[in-house]
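First up is the structure itself, then whatever we jot down about it.
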Amino acid sequence: MRATLETLGIALLVGAAQAALGVVGLAGLFALSTPVSVAPWTLVTSVYAHGSVGHLLANALALLLVGPLVERRTTRPRFHAFVVATGALAGVAQVTLGGLLGPSPAVLGISGAVFALGGYLLAGNVVSATLFDRLRLSQRAQLLLFGLVAVVLTATTAAPGVALIAHATGAFCGLLAGRAGLLDAR
(Lines give C-alpha, C1' and ligand atoms only; values in the text may rest on other atoms or scores of the structure.)
Protein backbone atom coordinates (compact mmCIF):
# COMPACT_ATOMS: atom_id res chain seq x y z
CA MET A 1 0.00 0.00 0.00
CA ARG A 2 3.07 2.17 0.17
CA ALA A 3 3.04 3.32 -3.48
CA THR A 4 -0.69 4.08 -3.28
CA LEU A 5 -0.16 6.22 -0.18
CA GLU A 6 2.83 7.92 -1.80
CA THR A 7 0.65 8.70 -4.82
CA LEU A 8 -2.02 10.20 -2.55
CA GLY A 9 0.68 12.17 -0.74
CA ILE A 10 1.88 13.65 -4.03
CA ALA A 11 -1.71 14.57 -4.91
CA LEU A 12 -2.10 16.29 -1.54
CA LEU A 13 1.17 18.22 -1.99
CA VAL A 14 0.14 19.31 -5.47
CA GLY A 15 -3.27 20.27 -4.05
CA ALA A 16 -1.58 22.43 -1.41
CA ALA A 17 0.57 24.07 -4.09
CA GLN A 18 -2.57 24.66 -6.18
CA ALA A 19 -4.27 26.32 -3.23
CA ALA A 20 -1.25 28.52 -2.53
CA LEU A 21 -0.89 29.54 -6.16
CA GLY A 22 -4.64 30.02 -6.43
CA VAL A 23 -4.34 32.97 -4.05
CA VAL A 24 -2.41 34.83 -6.74
CA GLY A 25 -4.45 33.42 -9.63
CA LEU A 26 -1.91 30.83 -10.79
CA ALA A 27 -3.61 27.54 -9.88
CA GLY A 28 -4.05 26.85 -13.59
CA LEU A 29 -0.31 26.20 -13.93
CA PHE A 30 -1.01 22.53 -13.17
CA ALA A 31 -3.75 21.92 -15.75
CA LEU A 32 -3.07 20.10 -19.01
CA SER A 33 -4.30 21.85 -22.14
CA THR A 34 -3.41 22.17 -25.78
CA PRO A 35 -0.92 22.86 -27.13
CA VAL A 36 0.98 20.67 -24.67
CA SER A 37 4.31 22.11 -25.83
CA VAL A 38 3.47 25.43 -24.14
CA ALA A 39 3.49 23.85 -20.66
CA PRO A 40 4.98 20.34 -20.93
CA TRP A 41 5.27 19.93 -17.12
CA THR A 42 1.48 19.69 -17.01
CA LEU A 43 1.74 16.17 -18.46
CA VAL A 44 2.75 15.17 -14.93
CA THR A 45 1.25 17.86 -12.70
CA SER A 46 -2.22 17.47 -14.18
CA VAL A 47 -2.27 13.82 -13.09
CA TYR A 48 -1.92 14.81 -9.42
CA ALA A 49 -3.84 18.12 -9.49
CA HIS A 50 -7.60 18.26 -8.96
CA GLY A 51 -10.38 20.74 -9.57
CA SER A 52 -11.77 20.64 -6.03
CA VAL A 53 -11.51 18.86 -2.71
CA GLY A 54 -14.49 16.69 -3.70
CA HIS A 55 -12.75 15.75 -6.95
CA LEU A 56 -9.62 14.78 -5.02
CA LEU A 57 -11.60 12.77 -2.45
CA ALA A 58 -13.50 10.83 -5.11
CA ASN A 59 -10.30 9.97 -6.97
CA ALA A 60 -8.50 9.14 -3.70
CA LEU A 61 -11.23 6.69 -2.73
CA ALA A 62 -11.07 4.98 -6.12
CA LEU A 63 -7.26 4.85 -5.94
CA LEU A 64 -7.43 3.32 -2.47
CA LEU A 65 -9.69 0.59 -3.85
CA VAL A 66 -7.55 -0.48 -6.81
CA GLY A 67 -4.03 0.78 -6.03
CA PRO A 68 -3.09 -1.70 -3.28
CA LEU A 69 -4.29 -4.63 -5.40
CA VAL A 70 -2.01 -3.63 -8.27
CA GLU A 71 0.85 -2.93 -5.88
CA ARG A 72 0.89 -6.56 -4.77
CA ARG A 73 1.94 -7.55 -8.27
CA THR A 74 4.54 -4.94 -9.10
CA THR A 75 7.35 -2.76 -7.80
CA ARG A 76 7.00 0.78 -6.48
CA PRO A 77 8.89 2.34 -9.43
CA ARG A 78 6.72 0.47 -11.95
CA PHE A 79 3.56 1.47 -10.09
CA HIS A 80 4.52 5.15 -10.09
CA ALA A 81 5.65 5.07 -13.73
CA PHE A 82 2.37 3.41 -14.73
CA VAL A 83 0.32 6.04 -12.88
CA VAL A 84 2.19 8.92 -14.50
CA ALA A 85 2.28 7.38 -17.98
CA THR A 86 -1.37 6.33 -18.11
CA GLY A 87 -2.55 9.50 -16.40
CA ALA A 88 -0.62 11.66 -18.86
CA LEU A 89 -1.77 9.64 -21.86
CA ALA A 90 -5.38 9.83 -20.69
CA GLY A 91 -5.07 13.59 -20.23
CA VAL A 92 -3.53 14.10 -23.67
CA ALA A 93 -6.30 12.00 -25.24
CA GLN A 94 -8.90 14.10 -23.41
CA VAL A 95 -7.59 17.50 -24.50
CA THR A 96 -6.70 16.35 -28.02
CA LEU A 97 -9.75 14.30 -28.94
CA GLY A 98 -12.03 16.50 -26.86
CA GLY A 99 -10.71 19.46 -28.84
CA LEU A 100 -11.89 17.81 -32.06
CA LEU A 101 -15.43 17.67 -30.66
CA GLY A 102 -15.52 21.27 -29.47
CA PRO A 103 -13.62 23.63 -27.22
CA SER A 104 -11.25 21.53 -25.15
CA PRO A 105 -11.07 22.64 -21.54
CA ALA A 106 -7.98 21.96 -19.47
CA VAL A 107 -7.91 18.63 -17.65
CA LEU A 108 -6.95 17.71 -14.09
CA GLY A 109 -7.04 14.56 -12.01
CA ILE A 110 -5.75 11.07 -11.52
CA SER A 111 -8.91 9.30 -12.67
CA GLY A 112 -7.45 8.25 -16.04
CA ALA A 113 -4.65 6.47 -14.18
CA VAL A 114 -7.14 4.98 -11.71
CA PHE A 115 -9.16 3.59 -14.62
CA ALA A 116 -5.90 2.15 -15.99
CA LEU A 117 -5.18 0.46 -12.66
CA GLY A 118 -8.71 -0.94 -12.62
CA GLY A 119 -8.37 -2.16 -16.21
CA TYR A 120 -5.07 -3.79 -15.28
CA LEU A 121 -6.78 -5.71 -12.49
CA LEU A 122 -9.65 -6.70 -14.73
CA ALA A 123 -7.55 -8.10 -17.59
CA GLY A 124 -4.44 -9.16 -15.71
CA ASN A 125 -5.81 -11.70 -13.27
CA VAL A 126 -5.71 -15.49 -13.41
CA VAL A 127 -9.42 -15.84 -14.19
CA SER A 128 -9.22 -13.44 -17.15
CA ALA A 129 -6.03 -15.07 -18.44
CA THR A 130 -7.66 -18.50 -18.29
CA LEU A 131 -10.78 -17.19 -20.02
CA PHE A 132 -8.78 -15.53 -22.80
CA ASP A 133 -6.69 -18.67 -23.28
CA ARG A 134 -9.82 -20.81 -23.56
CA LEU A 135 -11.65 -18.43 -25.89
CA ARG A 136 -8.58 -18.09 -28.13
CA LEU A 137 -9.63 -14.66 -29.32
CA SER A 138 -7.49 -13.04 -31.98
CA GLN A 139 -5.57 -9.93 -31.01
CA ARG A 140 -7.99 -7.86 -33.07
CA ALA A 141 -10.98 -9.38 -31.24
CA GLN A 142 -9.28 -8.73 -27.89
CA LEU A 143 -8.68 -5.08 -28.85
CA LEU A 144 -12.33 -4.70 -29.84
CA LEU A 145 -13.43 -6.36 -26.59
CA PHE A 146 -11.15 -4.08 -24.55
CA GLY A 147 -12.53 -1.05 -26.38
CA LEU A 148 -16.07 -2.13 -25.59
CA VAL A 149 -15.23 -2.81 -21.94
CA ALA A 150 -13.50 0.60 -21.68
CA VAL A 151 -16.60 2.32 -23.05
CA VAL A 152 -18.90 0.43 -20.66
CA LEU A 153 -16.67 1.22 -17.66
CA THR A 154 -16.55 4.86 -18.73
CA ALA A 155 -20.32 5.07 -19.12
CA THR A 156 -20.65 4.31 -15.41
CA THR A 157 -18.99 7.66 -14.64
CA ALA A 158 -20.81 9.75 -17.23
CA ALA A 159 -21.80 13.13 -15.83
CA PRO A 160 -21.35 16.75 -16.90
CA GLY A 161 -17.75 17.87 -16.56
CA VAL A 162 -16.31 14.35 -16.32
CA ALA A 163 -13.34 13.62 -18.60
CA LEU A 164 -14.92 10.62 -20.32
CA ILE A 165 -12.28 10.33 -23.02
CA ALA A 166 -9.58 10.23 -20.33
CA HIS A 167 -11.47 7.53 -18.44
CA ALA A 168 -11.92 5.39 -21.56
CA THR A 169 -8.28 5.86 -22.57
CA GLY A 170 -7.06 4.92 -19.11
CA ALA A 171 -9.28 1.85 -18.96
CA PHE A 172 -8.20 0.71 -22.43
CA CYS A 173 -4.51 1.16 -21.61
CA GLY A 174 -4.94 -0.71 -18.34
CA LEU A 175 -6.75 -3.57 -20.04
CA LEU A 176 -3.95 -3.90 -22.60
CA ALA A 177 -1.25 -3.68 -19.94
CA GLY A 178 -3.05 -6.20 -17.74
CA ARG A 179 -3.42 -8.70 -20.55
CA ALA A 180 0.32 -8.33 -21.30
CA GLY A 181 1.27 -8.55 -17.61
CA LEU A 182 3.25 -5.34 -18.04
CA LEU A 183 3.54 -4.56 -14.33
CA ASP A 184 3.99 -8.08 -13.03
CA ALA A 185 7.28 -8.30 -11.18
CA ARG A 186 7.32 -12.09 -11.24
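Letters A, B, ... go to the chains of the C-alpha coordinates in the order shown; residues in each chain start at 1; ligands are counted from 1 in the same order.
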Show which residues sit within 8 Å of region 12-17 of chain A, as a ChimeraX atom specification. Count only C-alpha atoms, and ignore same-chain residues fewer than 3 positions away.
/A:8-9,20-21,27,45,48-50
Nearest-residue call for Ala180 (chain A), choices A:Gly124, A:Gly99, A:Pro35, A:Gly51, using only C-alpha atoms
A:Gly124
Please determine, counting only C-alpha atoms, which residue among A:Ala177, A:Leu131, A:Leu145, A:Val114 has the shortest atom-to-atom distance to Leu64 (chain A).
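The answer is A:Val114, which sits nearest to Leu64 (chain A).
Take the candidates A:Pro40, A:Gly102, A:Gly67, A:Gly118 and check each one against Ala88 (chain A) using only C-alpha atoms; the shortest distance goes to A:Pro40.
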Pairwise distance for CA of Ala62 (chain A) and CA of Gly98 (chain A), rounded to one decimal in Å
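Result for CA of Ala62 (chain A) versus CA of Gly98 (chain A): 23.7 Å, one decimal.
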Could you check which of A:Gly112, A:Gly54, A:Pro105, A:Gly25 is closest to Val83 (chain A), using only C-alpha atoms?
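Among the listed residues, the smallest separation from Val83 (chain A) belongs to A:Gly112.
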Å distance separating CA of Ser33 (chain A) from CA of Ala106 (chain A), one decimal place
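Taking CA of Ser33 (chain A) and CA of Ala106 (chain A), their separation equals 4.5 Å.
The interatomic distance for the pair CA of Gly181 (chain A) and CA of Leu135 (chain A) works out to 18.2 Å.
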Which residues come within 12 Å of Thr86 (chain A), counting only C-alpha atoms, excluding same-chain residues fewer than 4 positions away, as a PyMOL selection string?
chain A and resi 43-44+46-47+78-82+90-93+109-120+166-177
Sel. of helix (DSSP H, G or I) residues, chain A, as a ChimeraX atom specification
/A:2-22,27-30,36-38,42-48,53-71,76-101,111-123,126-135,139-155,164-180
